[in-house]
Amino acid sequence: MKIQTVETTPFDDQRPGTSGLRKKVKVFQTPHYLANFVQSIFNVLADIEGQTLVVGGDGRYFNREALQIIVKMAAANGFGNVMVGLGGILSTPAASCIIRKYETYGGIILSASHNPGGPEADFGIKYNTANGGPAPEKITEAIFSNSRKITQYRILDSADIDLDTLGEQRLGNMRVEIIDSVSDYADMMEQLFDFDAMCSLLTSNSFSMRFDAMNAVTGPYALEILENRLGAPSGTVLRGEPLADFGGAHPDPNLVHAKELVAVMMGADGPDFGAASDGDGDRNMILGRDFYVTPSDSLAVLAANASLVSGYQQGLAGVARSMPTSQAIDRVAAAKGIECYETPTGWKFFGNLLDAGKITLCGEESFGTGSNHVREKDGLWAVLFWLNILAVRKQSVADIVNDHWKQYGRDVYTRHDYEAIATEGANALMDQLRARTSELTDQRFGDYIVAHCDDFSYTDSIDNSVSSKQGIRLLFKNGARIVYRLSGTGTEGATLRVYIEQPENDPAKFAQDPQQSLAELIGLSASIAKIKDYTGRSRPDVIT
Ligand code: VG1
Ligand code: CO
C-alpha cells in the first residue's frame with residue numbers, strides 16, 4: 001500500500017466555530033475540502049507517530065465516507081492505531097469516554113450535533129485532545145491558520161476498512177480496532193449512579209418514562225442502559241435507531257423539535273419522566289408530567305441534589321455555567337459556599353476548570369449538562385442523574401423543581417432565536433450594540449435600569465488565555481439580564497440568540513408562563529437592539 005501525497009490549494013472558510021467546523025454536506029463533498037482540514041489538524045499536532053487516535057461520528061449522512069478518508073489519512077500521517085466506533089458511530093460523550101479510558105492521543109468527532117442531516121443538510125468535524133475534550137482555541141486557531149496555507153495532504157492508497165465487524169484490521173502499518181463503545185459508556189454510568197435504586201423505580205408499576213433518541217446516536221446507548229441494564233419496559237426508548245437523516249427531523253431536543261415527546265408528556269395521564277437527546281448525544285431535555293424543566297434550572301437542580309447520587313456524594317469542588325446560562329446555579333453555589341465560574345459559550349471553555357479539579361458540574365442553557373466524568377456535555381448522563389434523584393426523592397419532577405424554586409428563588413428565563421438572517425444585518429446589529437455599551441450603561445427603560453453593559457470577555461484562570469467578543473450583556477439593577485450573541489454553529493446566514501432572564505422570589509408567580517412574566521423585558525430586548533430594523537424580523541423562529 002502506497003502513501004499518496006496529494007497537491008491541494010487552501011479554502012478560506014475552515015475556521016472552527018463554537019464546536020468544530022460545520023458546513024453543508026455539499027461543502028464537505030467538495031474535492032479536497034475534508035482532507036485539507038484533516039491534514040491541518042494533523043499538521044498542528046506534535047509527535048503523532050505511533051499514537052492512538054479515536055474516530056467516530058453521530059452516524060449522519062457522509063459519516064462513513066468521511067471516516068474512510070480520515071482513517072487512511074491517519075495511516076499515511078504515521079498514527080500507530082485508530083479506534084473506530086462500530087459502524088463508524090460514537091456519541092460525542094462516548095468518544096470523550098473512550099479517549100480518556102484508553103488514554104489515547106486524541107480523537108476526531110464527526111458531527112453537526114443538533115443540526116439536521118442528509119445530502120442537503122449539515123456535517124461537521126472537530127478535534128478533541130487527550131483529556132477527552134474539544135480542543136481549546138489555541139489549537140483550533142492553529143488548525144485554521146494551517147488550513148489557509150496548506151499545499152498538500154497525505155493519504156494511504158488502499159481499500160476501505162470494514163466498519164461493521166468488531167475487532168482488529170490493518171491498514172498499512174497502522175492497526176485499526178473497531179470497538180463497541182456502548183459497553184464502555186454503560187459501564188461508566190453504572191459506576192456513577194445507583195442502578196439498583198433506578199431499576200426498582202423503572203420496573204415499578206407506579207412509574208413510567210419515555211426517552212426520545214430522535215433517530216440519532218443515543219438510541220443504542222439508551223436501549224442498553226435503560227431497557228437492558230435498568231429493566232425499563234421495552235418501548236421506553238422512542239426513535240432508538242440512528243438514521244443518516246434523523247428521519248428527516250431536526251435532532252434538537254427542545255419543545256419545538258421534540259414535539260411528539262412533548263405531546264406524550266403534556267397531559268394528566270402522561271408518563272412521570274420524559275427526556276430527549278440530540279444528534280450526537282451530548283444534549284438533553286428534561287420533562288416531567290405536564291412540566292418542562294429549563295436547562296438552566298436542570299443544572300441547578302442537579303447541583304443542589306448531587307449529594308443524593310453516589311458518584312457525587314463526596315461533594316462538588318465548584319460549578320460553572322456559560323455566560324448566557326441563567327444564574328440559577330449561582331444561587332446553589334452561593335448556598336453551598338462553592339465557587340461558580342462564568343465561561344463563554346461552548347464546552348471547550350470548561351476543559352481547563354475540569355482538568356484542574358476546580359469544578360465538578362457544569363452546563364449551558366442550550367440543553368447541555370455535564371460533569372468531570374468526561375470532557376463533553378453528556379445527554380444520557382443528565383437523564384440518569386435525574387432518574388437517580390427521582391429514585392431517591394420519590395417525588396415528581398414538578399415537585400422537585402417547585403421545591404427548588406421555593407428554597408433558592410427562581411430565575412425566569414427564555415431564549416429567542418432569529419435563524420438564517422442575513423449575515424450583514426446580524427453583524428451590523430452586534431456592531432451598533434457594541435458601540436453603545438457605555439451609552440447604555442445607567443439608562444432607564446421603565447422599571448429597568450442598566451447597571452452594566454459590556455461585550456463579555458473571558459480570561460481563563462488556568463492558562464490566562466483571553467477570549468473576547470463573547471456576547472453583549474445588559475445587566476439591570478434588579479438582577480435581570482439581556483444577552484445578545486451570534487451563533488457559531490450555523491451553516492446558513494447568521495442566527496441571533498437573545499437570552500432574557502429575571503429573578504423572581506415570589507412563589508405566587510412561579511406558575512406563570514415565562515413568556516408572560518418576561519413580556520416587558522422581551523419587548524425591551526427587541527427595541528434596545530432594534531432587531532426589526534437590522535433583521536427584518538418581528539418575531540423569533542425558535543423560543544426555548
Ligand atoms: C450552540 C449553543 C452552545 C453549544 C453549541 C454546541 O452554539 O448555544 O451552548 O455549546 O451549540 O452544542 P451557538 O454558537 O450556535 O450558540 V452541540 O450539541 O451543537 O455540539
Ligand atoms: Co450536540
# chains A, B, ... in the order shown; residues from 1 in each chain; ligands from 1
>>> closest_atom_pairs(of="chain A", to="ligand 2", cutoff="6 Å", atoms="only C-alpha atoms and all ligand atoms", output="Markdown table")
| residue | atom | partner | partner_atom_place_in_ligand_line | distance |
| --- | --- | --- | --- | --- |
| A:Ser113 | CA | ligand 2 | 1 (Co) | 3.7 |
| A:His114 | CA | ligand 2 | 1 (Co) | 5.2 |
| A:Asp278 | CA | ligand 2 | 1 (Co) | 5.6 |
| A:Gly279 | CA | ligand 2 | 1 (Co) | 5.9 |
| A:Asp280 | CA | ligand 2 | 1 (Co) | 4.9 |
| A:Gly281 | CA | ligand 2 | 1 (Co) | 5.9 |
| A:Asp282 | CA | ligand 2 | 1 (Co) | 4.7 |
| A:Arg283 | CA | ligand 2 | 1 (Co) | 5.4 |
>>> residues_near_ligand(ligand="ligand 1", cutoff="8 Å", atoms="only C-alpha atoms and all ligand atoms", output="number ranges by chain")
A: 17-19, 111-115, 278-283, 322, 345-347, 364-368, 377, 485-490, 495, 497
>>> write_last_selection(atoms="N, CA and C atoms", output="short mmCIF file (atom, residue, chain, number, x, y, z; two decimals), in the first residue's frame")
data_model
loop_
_atom_site.label_atom_id
_atom_site.label_comp_id
_atom_site.auth_asym_id
_atom_site.auth_seq_id
_atom_site.Cartn_x
_atom_site.Cartn_y
_atom_site.Cartn_z
N GLY A 17 -15.94 26.88 14.66
CA GLY A 17 -16.82 27.78 15.41
C GLY A 17 -16.95 27.35 16.85
N THR A 18 -18.16 27.50 17.40
CA THR A 18 -18.38 27.15 18.81
C THR A 18 -17.99 25.70 19.07
N SER A 19 -18.25 24.82 18.12
CA SER A 19 -17.95 23.40 18.32
C SER A 19 -17.52 22.77 17.00
N SER A 111 -19.60 15.31 13.53
CA SER A 111 -20.96 15.62 13.96
C SER A 111 -21.30 17.06 13.66
N ALA A 112 -22.56 17.29 13.30
CA ALA A 112 -23.05 18.66 13.29
C ALA A 112 -24.14 18.74 14.37
N SER A 113 -24.01 17.82 15.34
CA SER A 113 -24.80 17.89 16.56
C SER A 113 -26.30 17.99 16.34
N HIS A 114 -26.88 19.11 16.75
CA HIS A 114 -28.34 19.25 16.69
C HIS A 114 -28.80 19.73 15.31
N ASN A 115 -27.88 19.98 14.37
CA ASN A 115 -28.29 20.43 13.04
C ASN A 115 -28.83 19.24 12.24
N ASP A 278 -29.80 14.92 21.57
CA ASP A 278 -29.66 15.47 20.21
C ASP A 278 -28.90 14.55 19.27
N GLY A 279 -28.56 15.06 18.07
CA GLY A 279 -27.90 14.28 17.03
C GLY A 279 -26.70 13.49 17.51
N ASP A 280 -25.82 14.12 18.29
CA ASP A 280 -24.59 13.44 18.73
C ASP A 280 -24.62 13.06 20.20
N GLY A 281 -25.78 13.21 20.84
CA GLY A 281 -25.96 12.65 22.19
C GLY A 281 -25.38 13.47 23.32
N ASP A 282 -25.01 14.73 23.07
CA ASP A 282 -24.46 15.48 24.20
C ASP A 282 -25.47 16.43 24.84
N ARG A 283 -26.62 16.63 24.18
CA ARG A 283 -27.64 17.50 24.78
C ARG A 283 -28.74 16.69 25.46
N SER A 322 -22.05 28.61 31.28
CA SER A 322 -21.70 29.57 30.24
C SER A 322 -22.39 30.88 30.56
N THR A 345 -19.70 30.83 25.81
CA THR A 345 -20.48 29.73 25.24
C THR A 345 -19.57 28.72 24.56
N GLY A 346 -19.82 27.43 24.79
CA GLY A 346 -19.03 26.37 24.16
C GLY A 346 -18.32 25.53 25.22
N TRP A 347 -18.39 24.20 25.03
CA TRP A 347 -17.88 23.31 26.08
C TRP A 347 -16.37 23.41 26.25
N GLU A 364 -24.80 24.48 30.19
CA GLU A 364 -25.17 25.60 29.34
C GLU A 364 -26.69 25.61 29.20
N GLU A 365 -27.22 26.81 28.92
CA GLU A 365 -28.66 26.94 28.72
C GLU A 365 -29.15 26.19 27.49
N SER A 366 -28.23 25.83 26.61
CA SER A 366 -28.59 25.19 25.34
C SER A 366 -28.74 23.67 25.49
N PHE A 367 -29.30 23.22 26.60
CA PHE A 367 -29.59 21.81 26.80
C PHE A 367 -28.32 20.98 26.97
N GLY A 368 -27.28 21.61 27.53
CA GLY A 368 -26.03 20.88 27.75
C GLY A 368 -25.69 20.84 29.22
N LYS A 377 -20.29 17.68 27.16
CA LYS A 377 -21.60 17.59 27.79
C LYS A 377 -22.15 16.21 27.46
N ARG A 485 -25.98 37.37 21.33
CA ARG A 485 -24.79 36.87 20.64
C ARG A 485 -25.20 36.19 19.34
N LEU A 486 -24.23 36.04 18.45
CA LEU A 486 -24.49 35.34 17.20
C LEU A 486 -24.01 33.90 17.35
N SER A 487 -24.79 32.99 16.78
CA SER A 487 -24.44 31.57 16.85
C SER A 487 -23.14 31.29 16.11
N GLY A 488 -22.40 30.32 16.63
CA GLY A 488 -21.17 29.89 15.96
C GLY A 488 -21.27 28.45 15.49
N THR A 489 -22.50 27.96 15.30
CA THR A 489 -22.67 26.57 14.85
C THR A 489 -23.50 26.46 13.58
N GLY A 490 -24.05 27.56 13.10
CA GLY A 490 -24.97 27.51 11.96
C GLY A 490 -24.22 27.33 10.64
N THR A 495 -27.45 33.43 12.88
CA THR A 495 -28.53 33.25 13.84
C THR A 495 -28.25 34.15 15.03
N ARG A 497 -29.05 35.05 18.79
CA ARG A 497 -29.65 34.50 20.00
C ARG A 497 -29.80 35.62 21.03
#
>>> select_by_dssp(residues="segment 294-462 of chain A", states="helix (DSSP H, G or I)", output="number ranges by chain")
A: 295-308, 310-312, 328-336, 347-355, 379-393, 397-408, 423-435, 437-440
>>> residues_around(residues="segment 69-86 of chain A", least_positions_apart="4", cutoff="6 Å", atoms="only C-alpha atoms", output="list of chain:residue names")
A:Ile3, A:Ile48, A:Glu49, A:Gly50, A:Gln51, A:Thr52, A:Leu53, A:Val54, A:Val55, A:Gly56, A:Leu90, A:Arg154, A:Ile155, A:Leu156, A:Asp164, A:Met174, A:Arg175, A:Val176, A:Glu177, A:Ile178, A:Ile179, A:Asp180
>>> residues_around(residues="segment 431-448 of chain A", least_positions_apart="5", cutoff="8 Å", atoms="only C-alpha atoms", output="list in words")
Cys453, Asp454, Asp455, Ile472, Phe476, Lys477, Asn478, Leu524 and Ala529 of chain A
>>> write_last_selection(atoms="N, CA, C and O atoms", output="PDB file, in the first residue's frame")
ATOM      1  N   CYS A 453     -23.147  47.324  31.118  1.00  0.00           N
ATOM      2  CA  CYS A 453     -23.304  46.804  29.766  1.00  0.00           C
ATOM      3  C   CYS A 453     -21.918  46.638  29.156  1.00  0.00           C
ATOM      4  O   CYS A 453     -21.102  47.563  29.193  1.00  0.00           O
ATOM      5  N   ASP A 454     -21.639  45.447  28.641  1.00  0.00           N
ATOM      6  CA  ASP A 454     -20.328  45.245  28.013  1.00  0.00           C
ATOM      7  C   ASP A 454     -20.396  44.121  26.975  1.00  0.00           C
ATOM      8  O   ASP A 454     -21.431  43.484  26.801  1.00  0.00           O
ATOM      9  N   ASP A 455     -19.285  43.939  26.277  1.00  0.00           N
ATOM     10  CA  ASP A 455     -19.126  42.779  25.406  1.00  0.00           C
ATOM     11  C   ASP A 455     -18.271  41.815  26.209  1.00  0.00           C
ATOM     12  O   ASP A 455     -17.119  42.117  26.542  1.00  0.00           O
ATOM     13  N   ILE A 472     -22.935  40.514  23.981  1.00  0.00           N
ATOM     14  CA  ILE A 472     -23.245  41.792  24.632  1.00  0.00           C
ATOM     15  C   ILE A 472     -24.187  41.502  25.806  1.00  0.00           C
ATOM     16  O   ILE A 472     -25.213  40.843  25.641  1.00  0.00           O
ATOM     17  N   PHE A 476     -29.179  44.494  34.526  1.00  0.00           N
ATOM     18  CA  PHE A 476     -30.035  45.523  35.122  1.00  0.00           C
ATOM     19  C   PHE A 476     -29.901  45.527  36.642  1.00  0.00           C
ATOM     20  O   PHE A 476     -29.530  44.516  37.250  1.00  0.00           O
ATOM     21  N   LYS A 477     -30.253  46.668  37.226  1.00  0.00           N
ATOM     22  CA  LYS A 477     -30.089  46.832  38.688  1.00  0.00           C
ATOM     23  C   LYS A 477     -30.928  45.830  39.473  1.00  0.00           C
ATOM     24  O   LYS A 477     -30.561  45.423  40.557  1.00  0.00           O
ATOM     25  N   ASN A 478     -32.062  45.430  38.906  1.00  0.00           N
ATOM     26  CA  ASN A 478     -32.928  44.497  39.643  1.00  0.00           C
ATOM     27  C   ASN A 478     -32.523  43.029  39.431  1.00  0.00           C
ATOM     28  O   ASN A 478     -33.262  42.118  39.772  1.00  0.00           O
ATOM     29  N   LEU A 524     -38.303  44.924  25.515  1.00  0.00           N
ATOM     30  CA  LEU A 524     -37.098  45.757  25.588  1.00  0.00           C
ATOM     31  C   LEU A 524     -35.954  45.158  24.785  1.00  0.00           C
ATOM     32  O   LEU A 524     -35.200  45.865  24.122  1.00  0.00           O
ATOM     33  N   ALA A 529     -32.112  46.608  20.893  1.00  0.00           N
ATOM     34  CA  ALA A 529     -31.181  46.185  19.832  1.00  0.00           C
ATOM     35  C   ALA A 529     -31.694  46.513  18.435  1.00  0.00           C
ATOM     36  O   ALA A 529     -31.002  46.270  17.458  1.00  0.00           O
TER      37      ALA A 529
END
>>> closest_residue(among="A:Asp297, A:Asp187, A:Asp47, A:Asp403", to="Tyr105 of chain A", atoms="only C-alpha atoms")
A:Asp47
>>> closest_residue(among="A:Asn427, A:Asn254, A:Ser298, A:Gln470", to="Phe349 of chain A", atoms="only C-alpha atoms")
A:Gln470
>>> residues_around(residues="Glu339 of chain A", least_positions_apart="3", cutoff="9 Å", atoms="only C-alpha atoms", output="ChimeraX atom specification")
/A:317-320,330,333-334,336,358-359
>>> write_last_selection(atoms="all heavy atoms", output="PDB file, in the first residue's frame")
ATOM      1  N   ALA A 317     -16.627  20.245  43.896  1.00  0.00           N
ATOM      2  CA  ALA A 317     -15.472  21.136  44.058  1.00  0.00           C
ATOM      3  C   ALA A 317     -15.876  22.569  43.730  1.00  0.00           C
ATOM      4  O   ALA A 317     -15.461  23.528  44.373  1.00  0.00           O
ATOM      5  CB  ALA A 317     -14.348  20.675  43.143  1.00  0.00           C
ATOM      6  N   GLY A 318     -16.697  22.716  42.710  1.00  0.00           N
ATOM      7  CA  GLY A 318     -17.179  24.003  42.256  1.00  0.00           C
ATOM      8  C   GLY A 318     -18.094  23.720  41.083  1.00  0.00           C
ATOM      9  O   GLY A 318     -18.275  22.551  40.699  1.00  0.00           O
ATOM     10  N   VAL A 319     -18.696  24.749  40.510  1.00  0.00           N
ATOM     11  CA  VAL A 319     -19.573  24.567  39.354  1.00  0.00           C
ATOM     12  C   VAL A 319     -19.261  25.675  38.345  1.00  0.00           C
ATOM     13  O   VAL A 319     -18.584  26.648  38.677  1.00  0.00           O
ATOM     14  CB  VAL A 319     -21.070  24.618  39.748  1.00  0.00           C
ATOM     15  CG1 VAL A 319     -21.461  23.418  40.594  1.00  0.00           C
ATOM     16  CG2 VAL A 319     -21.396  25.930  40.484  1.00  0.00           C
ATOM     17  N   ALA A 320     -19.758  25.497  37.124  1.00  0.00           N
ATOM     18  CA  ALA A 320     -19.570  26.535  36.112  1.00  0.00           C
ATOM     19  C   ALA A 320     -20.757  26.552  35.179  1.00  0.00           C
ATOM     20  O   ALA A 320     -21.432  25.532  34.988  1.00  0.00           O
ATOM     21  CB  ALA A 320     -18.285  26.285  35.328  1.00  0.00           C
ATOM     22  N   ASP A 330     -25.877  29.811  40.203  1.00  0.00           N
ATOM     23  CA  ASP A 330     -25.121  30.701  41.097  1.00  0.00           C
ATOM     24  C   ASP A 330     -25.735  30.683  42.496  1.00  0.00           C
ATOM     25  O   ASP A 330     -25.027  30.759  43.505  1.00  0.00           O
ATOM     26  CB  ASP A 330     -25.134  32.153  40.578  1.00  0.00           C
ATOM     27  CG  ASP A 330     -24.614  32.293  39.155  1.00  0.00           C
ATOM     28  OD1 ASP A 330     -24.948  31.424  38.321  1.00  0.00           O
ATOM     29  OD2 ASP A 330     -23.901  33.267  38.865  1.00  0.00           O
ATOM     30  N   ALA A 333     -24.645  27.531  44.220  1.00  0.00           N
ATOM     31  CA  ALA A 333     -23.231  27.623  44.600  1.00  0.00           C
ATOM     32  C   ALA A 333     -23.067  28.507  45.839  1.00  0.00           C
ATOM     33  O   ALA A 333     -22.331  28.159  46.768  1.00  0.00           O
ATOM     34  CB  ALA A 333     -22.410  28.168  43.440  1.00  0.00           C
ATOM     35  N   ALA A 334     -23.787  29.647  45.845  1.00  0.00           N
ATOM     36  CA  ALA A 334     -23.673  30.560  46.987  1.00  0.00           C
ATOM     37  C   ALA A 334     -24.140  29.859  48.269  1.00  0.00           C
ATOM     38  O   ALA A 334     -23.489  29.951  49.320  1.00  0.00           O
ATOM     39  CB  ALA A 334     -24.500  31.818  46.729  1.00  0.00           C
ATOM     40  N   LYS A 336     -24.127  26.705  48.912  1.00  0.00           N
ATOM     41  CA  LYS A 336     -23.209  25.631  49.300  1.00  0.00           C
ATOM     42  C   LYS A 336     -21.807  26.162  49.634  1.00  0.00           C
ATOM     43  O   LYS A 336     -20.932  25.404  50.048  1.00  0.00           O
ATOM     44  CB  LYS A 336     -23.069  24.609  48.154  1.00  0.00           C
ATOM     45  CG  LYS A 336     -24.284  23.716  47.941  1.00  0.00           C
ATOM     46  CD  LYS A 336     -23.937  22.604  46.945  1.00  0.00           C
ATOM     47  CE  LYS A 336     -25.117  21.703  46.647  1.00  0.00           C
ATOM     48  NZ  LYS A 336     -25.588  20.926  47.808  1.00  0.00           N
ATOM     49  N   LYS A 358     -11.226  22.216  39.568  1.00  0.00           N
ATOM     50  CA  LYS A 358     -11.920  23.379  40.163  1.00  0.00           C
ATOM     51  C   LYS A 358     -13.430  23.203  40.155  1.00  0.00           C
ATOM     52  O   LYS A 358     -14.138  23.854  40.919  1.00  0.00           O
ATOM     53  CB  LYS A 358     -11.589  24.647  39.373  1.00  0.00           C
ATOM     54  CG  LYS A 358     -10.113  24.946  39.317  1.00  0.00           C
ATOM     55  CD  LYS A 358      -9.811  26.146  40.162  1.00  0.00           C
ATOM     56  CE  LYS A 358      -8.362  26.536  40.038  1.00  0.00           C
ATOM     57  NZ  LYS A 358      -7.845  27.096  41.276  1.00  0.00           N
ATOM     58  N   ILE A 359     -13.938  22.422  39.208  1.00  0.00           N
ATOM     59  CA  ILE A 359     -15.394  22.245  39.118  1.00  0.00           C
ATOM     60  C   ILE A 359     -15.740  20.762  38.956  1.00  0.00           C
ATOM     61  O   ILE A 359     -14.946  19.979  38.430  1.00  0.00           O
ATOM     62  CB  ILE A 359     -15.998  23.039  37.927  1.00  0.00           C
ATOM     63  CG1 ILE A 359     -15.366  22.624  36.582  1.00  0.00           C
ATOM     64  CG2 ILE A 359     -15.867  24.526  38.137  1.00  0.00           C
ATOM     65  CD1 ILE A 359     -16.086  23.185  35.359  1.00  0.00           C
TER      66      ILE A 359
END
>>> select_by_dssp(residues="segment 102-289 of chain A", states="strand (DSSP E or B)", output="PyMOL selection string")
chain A and resi 106-110+122-128+134+152-157+167-171+174-179+209-212+237-238+273-277+283-288
>>> residues_around(residues="Thr203 of chain A", least_positions_apart="3", cutoff="7 Å", atoms="only C-alpha atoms", output="list in words")
Cys199, Ser200, Gly231 and Ala232 of chain A
>>> atom_distance(atom1="atom CA of Val401 of chain A", atom2="atom CA of Met189 of chain A")
23.9 Å
>>> decode(residues="segment 50-59 of chain A", atoms="all heavy atoms", output="PDB file, in the first residue's frame")
ATOM      1  N   GLY A  50       3.042   6.803  15.707  1.00  0.00           N
ATOM      2  CA  GLY A  50       2.788   5.654  16.573  1.00  0.00           C
ATOM      3  C   GLY A  50       1.660   5.841  17.578  1.00  0.00           C
ATOM      4  O   GLY A  50       1.339   4.948  18.354  1.00  0.00           O
ATOM      5  N   GLN A  51       1.028   7.018  17.606  1.00  0.00           N
ATOM      6  CA  GLN A  51      -0.007   7.295  18.614  1.00  0.00           C
ATOM      7  C   GLN A  51      -1.364   6.683  18.238  1.00  0.00           C
ATOM      8  O   GLN A  51      -1.568   6.249  17.111  1.00  0.00           O
ATOM      9  CB  GLN A  51      -0.193   8.804  18.758  1.00  0.00           C
ATOM     10  CG  GLN A  51       1.047   9.558  19.196  1.00  0.00           C
ATOM     11  CD  GLN A  51       1.335   9.401  20.681  1.00  0.00           C
ATOM     12  OE1 GLN A  51       0.614   8.672  21.381  1.00  0.00           O
ATOM     13  NE2 GLN A  51       2.368  10.046  21.151  1.00  0.00           N
ATOM     14  N   THR A  52      -2.275   6.729  19.229  1.00  0.00           N
ATOM     15  CA  THR A  52      -3.624   6.194  19.003  1.00  0.00           C
ATOM     16  C   THR A  52      -4.642   7.333  18.867  1.00  0.00           C
ATOM     17  O   THR A  52      -4.669   8.254  19.682  1.00  0.00           O
ATOM     18  CB  THR A  52      -4.042   5.289  20.179  1.00  0.00           C
ATOM     19  OG1 THR A  52      -3.103   4.219  20.272  1.00  0.00           O
ATOM     20  CG2 THR A  52      -5.435   4.720  19.967  1.00  0.00           C
ATOM     21  N   LEU A  53      -5.463   7.237  17.837  1.00  0.00           N
ATOM     22  CA  LEU A  53      -6.494   8.243  17.572  1.00  0.00           C
ATOM     23  C   LEU A  53      -7.863   7.559  17.640  1.00  0.00           C
ATOM     24  O   LEU A  53      -8.027   6.446  17.136  1.00  0.00           O
ATOM     25  CB  LEU A  53      -6.267   8.813  16.164  1.00  0.00           C
ATOM     26  CG  LEU A  53      -7.166   9.950  15.701  1.00  0.00           C
ATOM     27  CD1 LEU A  53      -6.815  11.246  16.437  1.00  0.00           C
ATOM     28  CD2 LEU A  53      -7.018  10.181  14.189  1.00  0.00           C
ATOM     29  N   VAL A  54      -8.826   8.220  18.245  1.00  0.00           N
ATOM     30  CA  VAL A  54     -10.205   7.716  18.282  1.00  0.00           C
ATOM     31  C   VAL A  54     -10.998   8.440  17.179  1.00  0.00           C
ATOM     32  O   VAL A  54     -10.860   9.654  17.026  1.00  0.00           O
ATOM     33  CB  VAL A  54     -10.852   7.997  19.658  1.00  0.00           C
ATOM     34  CG1 VAL A  54     -12.328   7.629  19.662  1.00  0.00           C
ATOM     35  CG2 VAL A  54     -10.099   7.244  20.751  1.00  0.00           C
ATOM     36  N   VAL A  55     -11.773   7.697  16.411  1.00  0.00           N
ATOM     37  CA  VAL A  55     -12.567   8.330  15.352  1.00  0.00           C
ATOM     38  C   VAL A  55     -13.991   7.767  15.341  1.00  0.00           C
ATOM     39  O   VAL A  55     -14.201   6.550  15.413  1.00  0.00           O
ATOM     40  CB  VAL A  55     -11.959   8.104  13.942  1.00  0.00           C
ATOM     41  CG1 VAL A  55     -12.666   8.992  12.915  1.00  0.00           C
ATOM     42  CG2 VAL A  55     -10.473   8.413  13.902  1.00  0.00           C
ATOM     43  N   GLY A  56     -14.950   8.639  15.248  1.00  0.00           N
ATOM     44  CA  GLY A  56     -16.341   8.189  15.139  1.00  0.00           C
ATOM     45  C   GLY A  56     -17.241   9.389  15.005  1.00  0.00           C
ATOM     46  O   GLY A  56     -16.805  10.531  15.200  1.00  0.00           O
ATOM     47  N   GLY A  57     -18.491   9.150  14.656  1.00  0.00           N
ATOM     48  CA  GLY A  57     -19.396  10.269  14.492  1.00  0.00           C
ATOM     49  C   GLY A  57     -20.825   9.905  14.848  1.00  0.00           C
ATOM     50  O   GLY A  57     -21.112   8.796  15.312  1.00  0.00           O
ATOM     51  N   ASP A  58     -21.705  10.850  14.606  1.00  0.00           N
ATOM     52  CA  ASP A  58     -23.097  10.650  15.017  1.00  0.00           C
ATOM     53  C   ASP A  58     -23.911   9.878  13.987  1.00  0.00           C
ATOM     54  O   ASP A  58     -25.125   9.745  14.121  1.00  0.00           O
ATOM     55  CB  ASP A  58     -23.760  11.989  15.378  1.00  0.00           C
ATOM     56  CG  ASP A  58     -23.797  12.984  14.217  1.00  0.00           C
ATOM     57  OD1 ASP A  58     -23.573  12.565  13.061  1.00  0.00           O
ATOM     58  OD2 ASP A  58     -24.061  14.173  14.467  1.00  0.00           O
ATOM     59  N   GLY A  59     -23.241   9.348  12.958  1.00  0.00           N
ATOM     60  CA  GLY A  59     -23.920   8.455  12.015  1.00  0.00           C
ATOM     61  C   GLY A  59     -24.691   9.176  10.929  1.00  0.00           C
ATOM     62  O   GLY A  59     -25.374   8.546  10.124  1.00  0.00           O
TER      63      GLY A  59
END
